[in-house]
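**Q** I have a structure here, written as structure tokens, and I will follow up with some questions on it.
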4 protein chains.
Amino acid sequence: MFGFINIPNDLLFDVIQHPYFQRLQRIKQLGLSAFVYPGAQHTRLQHSLGAMYLTNEALKQLRQQGCNITQAEADGVLTAILLHDIGHGPFSHVLEETLVHHVSHEDISLMLMQRMNDNMNGRLELAIRIFRDDYPKRFLHQLISSQLDMDRMDYLQRDCFFTGVAEGKIGSARIIKMLNVHNDKLVVEAKGIYSIENFLIARRFMYWQVYLHKTSVAAEKMLVQILRRAKELALRGERLFASPALAYFLENRIDENDFDDTALQHFVALDDTDVWSAIKVWSQHDDVVLGTLSRMFINRQLFKTMVCAPLTAAERTDLLRKYAAHFGVSMDEAAYFVYEQTVTTRTYDNRDSQILILFGDGTTRDIADVSDILDNDFLGKHVEKNYLCYLPY
Amino acid sequence: MFGFINIPNDLLFDVIQHPYFQRLQRIKQLGLSAFVYPGAQHTRLQHSLGAMYLTNEALKQLRQQGCNITQAEADGVLTAILLHDIGHGPFSHVLEETLVHHVSHEDISLMLMQRMNDNMNGRLELAIRIFRDDYPKRFLHQLISSQLDMDRMDYLQRDCFFTGVAEGKIGSARIIKMLNVHNDKLVVEAKGIYSIENFLIARRFMYWQVYLHKTSVAAEKMLVQILRRAKELALRGERLFASPALAYFLENRIDENDFDDTALQHFVALDDTDVWSAIKVWSQHDDVVLGTLSRMFINRQLFKTMVCAPLTAAERTDLLRKYAAHFGVSMDEAAYFVYEQTVTTRTYDNRDSQILILFGDGTTRDIADVSDILDNDFLGKHVEKNYLCYLPY
Amino acid sequence: MFGFINIPNDLLFDVIQHPYFQRLQRIKQLGLSAFVYPGAQHTRLQHSLGAMYLTNEALKQLRQQGCNITQAEADGVLTAILLHDIGHGPFSHVLEETLVHHVSHEDISLMLMQRMNDNMNGRLELAIRIFRDDYPKRFLHQLISSQLDMDRMDYLQRDCFFTGVAEGKIGSARIIKMLNVHNDKLVVEAKGIYSIENFLIARRFMYWQVYLHKTSVAAEKMLVQILRRAKELALRGERLFASPALAYFLENRIDENDFDDTALQHFVALDDTDVWSAIKVWSQHDDVVLGTLSRMFINRQLFKTMVCAPLTAAERTDLLRKYAAHFGVSMDEAAYFVYEQTVTTRTYDNRDSQILILFGDGTTRDIADVSDILDNDFLGKHVEKNYLCYLPY
Amino acid sequence: MFGFINIPNDLLFDVIQHPYFQRLQRIKQLGLSAFVYPGAQHTRLQHSLGAMYLTNEALKQLRQQGCNITQAEADGVLTAILLHDIGHGPFSHVLEETLVHHVSHEDISLMLMQRMNDNMNGRLELAIRIFRDDYPKRFLHQLISSQLDMDRMDYLQRDCFFTGVAEGKIGSARIIKMLNVHNDKLVVEAKGIYSIENFLIARRFMYWQVYLHKTSVAAEKMLVQILRRAKELALRGERLFASPALAYFLENRIDENDFDDTALQHFVALDDTDVWSAIKVWSQHDDVVLGTLSRMFINRQLFKTMVCAPLTAAERTDLLRKYAAHFGVSMDEAAYFVYEQTVTTRTYDNRDSQILILFGDGTTRDIADVSDILDNDFLGKHVEKNYLCYLPY
């Protein structure tokens with residue numbers, strides 16, 4: 001997508017060659033979106049390299065604007081962006097709902113970065129400080145985490161490229177050429193306003209057309225139910241086919257207090273392939289819930305999704321009763337065939353972190369205050385949808 | 001842009017080979033935008049071929065949806081779209097302000113189509129009826145002129161491709177795949193909503209970044225002043241270098257009542273090259289106004305543009321007085337060095353013609369009523385800017 | 001890559017939804033090339049859909065040329081191209097060297113098509129005849145298998161797109177527009193000569209830059225050695241972690257005579273994920289050969305490759321002795337750390353099947369006889385290289 | 001094509017704003033190719049900016065390789081590449097056959113650069129030395145003129161982009177990343193061999209598909225005949241419509257000895273628009289030759305072209321006699337309706353200047369000696385074709 005990407009120096013080369021980083025090659029960026037967009041096969045490794053490339057472009061631009069960035073700082077921010085997703089497991093959000101509780105991928109990223117730092121004689125110290133926003137030049141942290149960070153800049157472009165969704169196209173090269181630093185904050189020069197507006201709108205399009213696409217959500221929820229059921233069975237003592245790493249997370253309840261070295265070691269051995277190869281085997285399992293869901297999942301017979309009002313308790317009972325009768329299972333088991341969720345999205349939220357526009361006279365203003373096209377109403381508008389996912393039979 | 005474009009049959013081939021059509025090869029689609037975007041060299045001929053290609057794709061799609069379109073009707077609509085811009089002169093809007101009064105390019109297109117029809121034994125009869133919206137299947141006219149016509153579909157894509165403005169990118173292939181006809185109206189199926197939203201937003205971006213770019217507007221206004229001055233001198237009897245076709249429009253006041261055969265004959269001999277080659281010669285002219293403006297225009301020393309409140313009468317007098325003093329010209333002549341204009345744009349106007357969305361249950365609704373992202377406020381919002389263009393010295 | 005691909009009808013939809021076809025979503029087209037080109041994540045499912053799309057374009061073109069193709073024939077050829085790769089296992093050539101002997105993927109494709117045909121009430125009959133070249137209109141078979149088939153047309157483009165290798169770019173749309181049928185043979189019209197020349201040269205570039213890239217070959221050979229060792233251990237009775245499908249092929253010697261229903265059933269359960277998830281577990285195995293190779297493979301510490309003269313017996317013994325000493329293994333075991341192979345490629349081979357050019361006078365000639373640029377010497381030239389792959393330590 | 005191009009500094013900005021440079025905006029890069037490829041509207045100004053961009057990329061690369069290039073040298077080479085085509089007239093080769101004799105565009109470029117240098121207080125001194133290959137670091141000259149110069153690198157890509165000829169695609173970004181300097185010569189590192197091979201082949205494709213396309217050649221030869229006839233009439237004292245600049249070259253025989261200041265002043269006033277606007281007027285001229293050729297040219301009724309053996313004297317007389325009879329003109333006048341020419345092309349000529357490949361051991365070898373794919377026979381092969389162009393009637 002960006003052509004041939006140069007690896008700037010030995011430090012970054014060592015980071016890229018590290019087994020923790022190489023694992024990202026076996027984790028797809030978009031999880032299950034390939035059920036909808038068959039081209040969406042790109043990996044978290046590709047995304048991390050791409051984000052490093054864009055960050056490097058941004059650093060060049062900022063230096064050209066007269067911003068003082070030492071070589072050590074540049075290496076720090078490049079390392080931090082390379083590693084920002086290192087704590088992602090396979091099918092990230094799915095996993096967080098099932099195998100690992102109350103441990104965010106950011107937390108795990110930080111733990112892994114610290115272990116790598118120990119192995120690498122402290123060469124990641126500065127990267128870690130920037131990653132934690134614990135470094136004086138705070139704009140460096142904004143390059144890796146803010147409303148205009150290089151993470152988003154890469155994933156929007158990449159996801160739009162590999163899904164083929166024309167509406168998500170952004171002009172990252174142009175946005176980067178408009179970056180500057182003002183009072184230690186990343187800002188965009190006024191002539192970049194249109195590009196920023198387009199970036200915010202493109203992001204909204206990608207939410208509805210890709211990230212929250214009904215079929216993707218259906219597949220994701222189906223996978224949640226499969227893993228929950230597998231874990232329930234495993235905790236009951238049932239032996240299921242699984243790699244040792246996957247088995248560990250099925251057979252143990254792991255939450256933030258248990259996330260010790262053993263957990264971490266198993267975590268870094270886990271990737272998409274463990275999950276897929278297990279589900280294929282489970283599709284022959286004689287537990288009706290696990291067998292049925294796994295078999296249908298593998299063969300792309302996915303949940304159906306309706307956007308509708310939330311079910312009332314009575315409607316829900318009614319629905320589960322039908323599944324219980326059809327499959328000859330208990331009401332609790334029937335609940336695995338249904339999943340309900342309300343999702344919300346907003347284009348831009350300046351309570352969180354702002355996008356500042358820099359004018360010729362040296363003043364800065366929030367994008368929401370200066371956009372002809374987009375105003376606060378539009379940008380801040382919540383869109384909320386209730387998704388009901390259920391097994392068709 | 002669309003690769004190799006097939007010419008469907010002999011009728012269309014004859015239309016394309018007609019001198020009136022070939023003239024469009026010598027008229028740039030974006031007039032003076034190349035002063036801003038050097039790649040914007042594409043011609044009205046390219047645009048017309050592209051619009052024919054997209055119309056052909058749309059016809060295939062509509063037929064696949066079960067819509068009955070005879071071969072004669074298909075040829076009619078393809079011919080009509082090929083010829084929809086045939087009445088454009090060089091630098092269209094400039095010309096309409098200077099050389100030709102109260103005659104729109106649509107009127108001229110129709111006159112030229114009728115003359116071609118006479119030469120071609122009435123083979124363009126149906127095309128003309130569709131062009132005039134005087135044919136029962138009115139959705140055919142909508143393909144060539146409506147809020148979703150193939151004219152816009154081509155020019156937005158093409159202008160965005162050749163200027164390199166990433167924000168104007170639209171997914172025309174996807175929009176066309178969502179087209180249908182309902183109650184003799186062109187409609188878009190519900191799953192195409194995102195593409196339509198993107199199309200409307202992209203159009204707004206193109207307005208501000210390309211069509212109304214400050215430097216393009218400046219160049220256009222400068223050209224208006226050059227031609228006005230040249231015409232004033234010519235009408236006074238001054239001999240100016242000009243091709244016979246250009247001379248005709250400089251030496252005669254032509255409005256809707258005078259637009260006779262002689263005018264038409266000179267009109268079809270006129271293209272961008274007459275204007276450029278004349279201005280180069282005028283740049284040596286000893287009239288201060290004509291010489292100065294022409295010389296600066298040729299060398300890309302353009303008007304400056306400010307977006308500001310309209311000048312008061314006093315401010316204007318003051319400004320003109322400075323030019324009069326600086327150049328040693330009269331106040332009337334000084335007025336050629338300044339141009340003021342208020343421009344307005346709106347994303348979508350459903351008073352004019354609607355974009356209808358077709359739902360699974362057979363109902364249709366206006367895009368403004370069903371869009372999550374865009375609402376009537378946003379879509380209908382007027383943006384108005386006052387441009388003051390003036391010669392820097 | 002081709003945008004939104006339409007599925008022409010229910011038959012094709014059913015084929016695509018079939019579990020055998022969905023399995024291709026879990027098999028990468030380029031196996032291990034992602035070690036070199038991280039973007040090369042595309043799957044055999046994507047390729048099969050793309051080849052179907054191109055075949056459909058080719059059918060439209062041939063019909064427009066006046067070629068008589070019934071709807072049943074069109075469906076047959078589209079089904080055949082969809083299924084042409086259905087018999088591929090994960091890491092195809094690797095597998096054929098290790099787990100399955102003397103059974104080509106074409107043989108397996110045919111077996112699987114026949115089973116699908118049984119399930120689908122004989123609806124694939126015609127597709128199978130075309131696939132086997134057992135149908136009178138032989139040009140239909142050429143669309144799916146010949147020097148100009150839609151298989152190559154898709155994979156060259158797709159592999160070049162996802163690897164980013166600019167030199168492999170071909171103009172498939174243009175080639176398809178030049179197709180015709182002459183004496184029941186697929187031919188290309190004379191004005192398509194340049195596109196064909198480019199296609200042949202591009203293919204040669206892709207061979208050396210992608211398919212036979214030193215690092216890809218190294219990874220492939222390393223995987224061969226890993227699977228051979230695992231099979232050796234498994235056949236000795238050692239229990240290795242593996243999914244049931246993979247275990248079956250490790251624990252049994254399967255060749256063409258044993259490829260029965262049981263083998264087939266395990267075969268269709270096998271994909272890339274079984275191999276990856278097993279190797280990750282094997283990387284902790286205490287067999288030095290299996291553990292070392294697996295660990296290094298997973299972490300992208302690959303064999304090195306040299307292009308050099310074949311090793312003499314003495315050189316080979318010498319080399320193995322070093323590995324034996326270093327790793328404390330037997331000479332036989334040491335042989336797993338080295339792999340030697342001679343690869344050959346040729347741009348165009350008209351002994352096999354020709355590319356015929358059709359001239360305006362109705363005659364046809366072989367591309368090698370009419371190309372200005374390429375002559376028989378060039379096209380037929382063998383390039384042969386001996387690769388020595390070995391574990392660095 | 002390359003996105004937003006930065007102008008590195010004030011010197012280059014001043015060069016770009018100079019009227020001589022702005023004139024290139026009114027001269028199409030590919031002259032008459034738009035008759036064949038309607039998208040081929042790009043100008044010499046675009047090409048010059050693009051070549052500057054690539055040269056800047058190449059300079060960055062060479063510096064990264066440790067090559068010492070001062071800021072003044074960088075500015076010099078960037079200025080030289082910007083101005084390398086400044087001496088081109090409209091329809092370059094046509095002009096050289098008709099209006100200007102024995103004065104090459106390189107000679108004129110140099111004259112214009114010297115005049116600009118005089119106006120700009122000697123700031124172009126170094127650029128001129130590099131342009132003339134009169135500067136010690138000779139590799140700088142190679143960037144602007146050699147078998148691998150940035151001129152070709154840009155025009156091949158640009159011409160292929162705007163014509164849409166897929167076969168001309170090259171990977172310039174990759175080639176530039178492989179550049180180095182060895183013994184004051186530009187060299188390409190060994191892993192760039194495939195890109196170079198592709199570049200040489202792409203160039204050959206562009207020759208036959210674009211630069212020597214039969215219809216382009218036909219249009220060009222027709223324009224030659226029009227201008228020759230116009231000049232013949234003008235020299236006889238006939239008054240023809242023409243801008244003063246064009247009139248000067250029609251009414252005077254200008255060769256290398258007469259190319260004085262007056263000629264130069266008229267030359268820089270000349271561009272494509274003078275020629276087109278004159279021919280439109282001439283299409284009404286009552287000289288049969290001038291009127292007929294001009295009218296047909298304007299309306300795209302071009303010469304036909306045959307590739308055939310050269311005409312014998314008898315055949316030629318016979319042919320001219322037919323034209324003389326048909327049009328009622330003399331034999332001399334009839335000769336204007338026919339044009340014969342033999343064109344030759346070769347992929348690579350190392351007698352002229354070599355492409356050197358740099359190996360890891362520090363040795364360099366000619367590409368023709370190391371290419372697997374291309375050998376000397378292939379690369380050096382002359383292809384020669386005799387084109388007969390004639391007016392169809």
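Ordering of the structure tokens sets the chain letters (A, B, ...), residue numbers begin anew at 1 in every chain, and ligands are numbered from 1 in the order given.
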Do you have, as a Markdown table, the list of residues of chain A lying at most 12 Å from chain D, each with its nearest atom pair and that distance in Å to one decimal, counting only C-alpha atoms and ordered by chain then number?

**A**
```
| residue | atom | partner | partner_atom | distance |
| --- | --- | --- | --- | --- |
| A:Phe2 | CA | D:Ala173 | CA | 10.7 |
| A:Gly3 | CA | D:Ala173 | CA | 8.2 |
| A:Phe4 | CA | D:Arg174 | CA | 7.5 |
| A:Ile5 | CA | D:Arg174 | CA | 10.6 |
| A:Asn6 | CA | D:Lys177 | CA | 9.8 |
| A:Pro8 | CA | D:Gln64 | CA | 11.2 |
| A:Gln61 | CA | D:Asn6 | CA | 11.8 |
| A:Gln64 | CA | D:Pro8 | CA | 11.2 |
| A:Gly171 | CA | D:Gly3 | CA | 9.8 |
| A:Ser172 | CA | D:Gly3 | CA | 11.0 |
| A:Ala173 | CA | D:Gly3 | CA | 8.2 |
| A:Arg174 | CA | D:Phe4 | CA | 7.5 |
| A:Ile175 | CA | D:Phe4 | CA | 11.2 |
| A:Ile176 | CA | D:Phe4 | CA | 11.5 |
| A:Lys177 | CA | D:Phe4 | CA | 9.2 |
| A:Met178 | CA | D:Phe4 | CA | 11.6 |
```

**Q** Store the residues picked out above, limited to C-alpha atoms, as a CSV table (one decimal), in the first residue's frame.

**A**
```csv
chain,number,residue,atom,x,y,z
A,2,PHE,CA,2.8,2.3,0.9
A,3,GLY,CA,5.3,0.5,-1.4
A,4,PHE,CA,8.6,-0.7,0.0
A,5,ILE,CA,8.9,0.3,3.7
A,6,ASN,CA,12.4,1.1,4.9
A,8,PRO,CA,15.2,3.0,9.8
A,61,GLN,CA,7.4,16.9,8.5
A,64,GLN,CA,10.9,20.5,8.6
A,171,GLY,CA,-5.7,11.7,2.2
A,172,SER,CA,-3.1,10.8,4.9
A,173,ALA,CA,-0.2,12.2,2.9
A,174,ARG,CA,-1.9,15.6,2.7
A,175,ILE,CA,-2.9,15.5,6.4
A,176,ILE,CA,0.7,14.7,7.4
A,177,LYS,CA,2.0,17.6,5.3
A,178,MET,CA,-0.2,19.9,7.3
```

**Q** Near Ala242 in chain C, counting only C-alpha atoms, which residues have an atom at most 12 Å away, once you skip same-chain residues fewer than 6 positions from it, shown as a VMD selection string?

**A** (chain A and resid 241 to 244 274 277 to 278 281) or (chain C and resid 227 230 to 231 234 248 to 251 270 273 to 282)

**Q** May I have all residues of range 175-338 of chain C that DSSP, computed from the backbone, assigns to strand (DSSP E or B), given as a list in words?

**A**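 Across range 175-338 of chain C, those assigned strand (DSSP E or B) are Leu179, Asn180, Val181, His182, Lys185, Leu186, Val187, Val188, Glu189, Ile254, Asp255, Lys304, Thr305, Met306, Val307 and Val338 of chain C.
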
**Q** Write out as a ChimeraX atom specification the residues lying within 10 Å of Leu186 in chain D, counting only C-alpha atoms and excluding same-chain residues fewer than 6 positions away.

**A** /D:62,138-143,146,148-149,179-180,354-358

**Q** With N, CA and C atoms retained, could you export that selection as a tab-separated table (two decimals), in the first residue's frame?

**A**
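Output contents, as saved in selection.tsv:
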```tsv
chain	number	residue	atom	x	y	z
D	62	LEU	N	20.75	9.17	-2.75
D	62	LEU	CA	22.21	9.17	-2.91
D	62	LEU	C	22.91	9.70	-1.64
D	138	ARG	N	30.21	14.12	-12.35
D	138	ARG	CA	29.46	13.88	-13.58
D	138	ARG	C	28.18	13.08	-13.36
D	139	PHE	N	28.10	12.39	-12.23
D	139	PHE	CA	26.87	11.63	-11.99
D	139	PHE	C	25.65	12.57	-11.88
D	140	LEU	N	25.91	13.83	-11.52
D	140	LEU	CA	24.79	14.77	-11.43
D	140	LEU	C	24.17	14.99	-12.82
D	141	HIS	N	25.04	15.09	-13.82
D	141	HIS	CA	24.53	15.20	-15.19
D	141	HIS	C	23.76	13.93	-15.58
D	142	GLN	N	24.25	12.80	-15.13
D	142	GLN	CA	23.55	11.55	-15.48
D	142	GLN	C	22.12	11.50	-14.93
D	143	LEU	N	21.89	12.19	-13.82
D	143	LEU	CA	20.52	12.23	-13.29
D	143	LEU	C	19.58	12.93	-14.26
D	146	SER	N	20.79	10.50	-19.23
D	146	SER	CA	21.48	9.22	-19.40
D	146	SER	C	20.41	8.16	-19.63
D	148	LEU	N	19.30	6.22	-17.64
D	148	LEU	CA	18.49	6.04	-16.42
D	148	LEU	C	18.09	7.38	-15.82
D	149	ASP	N	18.02	8.42	-16.65
D	149	ASP	CA	17.79	9.74	-16.08
D	149	ASP	C	16.36	9.91	-15.58
D	179	LEU	N	19.50	3.25	-6.40
D	179	LEU	CA	20.56	4.04	-7.02
D	179	LEU	C	21.74	4.23	-6.06
D	180	ASN	N	22.89	4.34	-6.65
D	180	ASN	CA	24.10	4.63	-5.90
D	180	ASN	C	25.08	5.29	-6.85
D	354	GLN	N	25.83	3.60	-20.60
D	354	GLN	CA	25.50	2.29	-20.05
D	354	GLN	C	24.60	2.37	-18.83
D	355	ILE	N	23.94	1.26	-18.55
D	355	ILE	CA	23.34	1.10	-17.23
D	355	ILE	C	24.24	0.11	-16.49
D	356	LEU	N	24.83	0.59	-15.42
D	356	LEU	CA	25.77	-0.25	-14.68
D	356	LEU	C	25.12	-0.82	-13.42
D	357	ILE	N	25.36	-2.09	-13.21
D	357	ILE	CA	24.84	-2.75	-12.02
D	357	ILE	C	25.99	-2.91	-11.03
D	358	LEU	N	25.71	-2.55	-9.76
D	358	LEU	CA	26.74	-2.64	-8.72
D	358	LEU	C	26.50	-3.89	-7.87
```
